[in-house]
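*Asks:* My structure is below; once you've seen it, I'll send some questions.
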Amino acid sequence: MNADLIIQNAPALLLAIPMLGAFTTPLIGKAGAAVRNLWVLLVMAATAVVAFLLAGEVLTAGTVIYTFGASAPGLTLPLDSGGIPIRIIFTVDAMSAFMAVFASIVGFAVMLYSITSQSRNSGQDGYYALLQLLMVGILGMVTTGDMFNFFVFLEINSLAGAALVAYRVDRGVAVEAGLKYAILSTLGGLLVLFAIALLYGQYDALNIAMIASRMQFSFLDKIALVMLFIALAMKSGAVPMHFWTPDAYSMAPSSITAILVVASQASLYGVFRIAFTLYGLTLDYATIGWIIIILGVLSMFVGVTMAIPQKDVKRLMAYHAVSQTGYMLLGVGVGLAVLGSPELMEQYGQVAMEGGIFHIINHAMYKGLLFLTAGAIFYQTGTRNLNKLGGLGHSMKLTMIFFIIGALAIAGIPPFNGFASKLMIYESVFLFNPILAIIAMVVSILTLASFVKVFHSIFMGPRLPEYGEVREVPLPMLVGMGILALLVVLFGVFPQQVVDILITPATTALIDQGGYIASVLGGAS
Amino acid sequence: VYYNLPFIAAGLIIVLGIIAMLTRRNLIKMIMGLSLVEAGVNLLLVATGYRAGGIAPIFTNAPSDLMVMPTVQAMTLTNIVIGIATTALLLSFVMVVYRTYGTADAGEMRKLRG
């Protein structure tokens, strides 16, 4: 094994490994469940290792370029192409690497958790194959540097996601939720393709860097921007296009919900990539920034107020996911609104964006953890109804601890990771507009109130007779939750280190449109 | 002016598809609307690839070497394949929904609310 060769081809391997895994899983499944489980774990572990290697390379040596089909990965412009990058090029900057790393961590935790949580179900070969395909979709969306390629991975993401939402086909509601998700995602995907056609028609290119370097922000570009924005904001579950989230998140198996959160964030990454890299300073950043801010505030507020009256624990958590997405939009929106002014950017814009981007990874960790605890409770009791649950604190102590960690993190209580990113958002947004910061804090308090209520109705109270036989969940599920819980605590205790190592480079990369273009097209930035 | 006709046709097909998706309650008809949107987008893609006097990049017996790069055609083919997979998945969902609820009407089947 040549380590250099792996690093050199890491962007391709990052997708090739889970894709190979996905298509071999049904075959290997013939050899028995144990062999298959080992295989899928191995595939996910290998994917995560490649993601870490790639991130290490990006953070030490700068943006990694991978040109498919070229004699050398860095050969982006064929000599006879007239200066147009005609090949599919993966452009992995610090932002992409950051997304790939945390997606593969959550993917591995979910895979481990699924080994037990799905063990009673039929059709597991299909389940694992689709789960790996979903990972391919997510990782592809965040690493590709090509608009059409982005669309293809978006479709892989949507189709695998929809099939997994409807995984429990014996229950009509699950299929109904899957159908809703699939129709909306497909319509969104077609809007994205329409926008790509408009961009290609004007600029004769599909490469993001190439389009960005030629961007004129004409009338057609504005239409394309609106379409891309609507489609991706819908996929990321922002208000007012959030209506599919509670259905899809509550009906999917809990392990899948945890990964659907990451899939939504890949779309959120798409929104940011398009705003900052594809359009950059050519767009009317103050207006677009304010639109993102308003969507963010609406998402925060509508999400949390819809969450409070819910009786189904996963539906409740799904509305909280909508609400938390609002924080990311708020943070990055503030950054976009002041993009044109270097001193305001220095003063608070950059910190606001770092807060928003830090919140993406934190959200994936604690929300994934919360959905996995909800799945653990469902696994042992067979219900998600808060009115029927109670007294589980006596029998499921570890799950209870994981739930507390997740709940405190989502409410932004120190020393957990949600606090670290929310504090950055509060401080910087306060300088931008105090009212927005106050709304953000109020939403956090409402979130805490909601989770205190959930905690009380699930875990507190006397041991209920119908749950007398309930025990702690098996070890693989605990380890899966434990990985995420550990990261929630670690990120909360050492936020500065995480920000320095991962978040600041990611934010800088996202702002640095010139660097992105130069890394593909060459020349001075 | 004539050059714009394919674009207008593509826009019309897309709008028709979206209207069908919004106004029809029958799931099969909603999926038909979605297919119309897809057809419209495909038409737009192919229309952007038209170059007056361009020839297909097939080198055997080519009359000249001014050839059109078939990027959008390749994109359209990809989208057709994706569309088939999506439609098949959606229709199979409708089958399951019909089997469990006894109806394919979106208005009657809403169990997920709130």
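Ordering of the structure tokens sets the chain letters (A, B, ...); residue numbers start at 1 within each chain; ligands are numbered from 1 in the order shown.
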Skip B:Gly33 itself and residues of its chain fewer than 5 positions away, then list as number ranges by chain all residues within 9 Å of it, counting only C-alpha atoms.

*Replies:* B: 14, 16-22, 24, 28, 38

*Asks:* With only C-alpha atoms as the counted atoms, please give the residues lying no more than 12 Å from A:Phe90, apart from itself and same-chain residues fewer than 2 positions off, as a ChimeraX atom specification.

*Replies:* /A:9-15,63-69,73-76,85,87-88,92-93,96-97,139-150,207-209,516,519-520

*Asks:* Quick one: which residues from chain B are at most 6 Å off chain A, using only C-alpha atoms, as a PyMOL selection string?

*Replies:* chain B and resi 41+45+48+97+100

*Asks:* Grab the residues selected above and save them as an mmCIF file, in the first residue's frame with N, CA and C atoms.

*Replies:*
data_model
loop_
_atom_site.group_PDB
_atom_site.id
_atom_site.type_symbol
_atom_site.label_atom_id
_atom_site.label_comp_id
_atom_site.auth_asym_id
_atom_site.auth_seq_id
_atom_site.Cartn_x
_atom_site.Cartn_y
_atom_site.Cartn_z
ATOM 1 N N VAL B 41 -37.470 20.608 -18.783
ATOM 2 C CA VAL B 41 -36.065 20.909 -18.485
ATOM 3 C C VAL B 41 -35.160 20.251 -19.521
ATOM 4 N N LEU B 45 -32.496 22.080 -22.011
ATOM 5 C CA LEU B 45 -31.091 21.693 -22.106
ATOM 6 C C LEU B 45 -30.693 21.461 -23.556
ATOM 7 N N THR B 48 -30.483 24.678 -25.598
ATOM 8 C CA THR B 48 -29.284 25.507 -25.415
ATOM 9 C C THR B 48 -28.107 24.950 -26.199
ATOM 10 N N VAL B 97 -48.900 2.830 -1.282
ATOM 11 C CA VAL B 97 -49.901 3.694 -0.642
ATOM 12 C C VAL B 97 -51.297 3.205 -0.986
ATOM 13 N N THR B 100 -52.246 0.082 0.964
ATOM 14 C CA THR B 100 -52.536 0.218 2.390
ATOM 15 C C THR B 100 -53.734 1.127 2.657
#

*Asks:* Could you please determine the separation between atom CA of A:Leu281 and atom CA of A:Leu59 in Å, to one decimal place?

*Replies:*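 If I compute the distance from atom CA of A:Leu281 to atom CA of A:Leu59, I get 25.1 Å.
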
*Asks:* Give the alpha helix (DSSP H) residues of stretch 314-509 of chain A, as DSSP finds them on the backbone, and put them as a ChimeraX atom specification.

*Replies:* /A:314-337,342-344,350-381,397-411,417-432,434-459,475-493,495-498,504-509

*Asks:* Quick check, in Å to one decimal: how far apart do atom CA of A:Ala440 and atom CA of A:Val302 lie?

*Replies:*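 Separation of atom CA of A:Ala440 and atom CA of A:Val302: 12.2 Å.
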
*Asks:* Taking the DSSP secondary structure from the backbone, can you list the residues of chain B that are strand (DSSP E or B), as an MDAnalysis selection string?

*Replies:* chainID B and resid 26 55 67 105
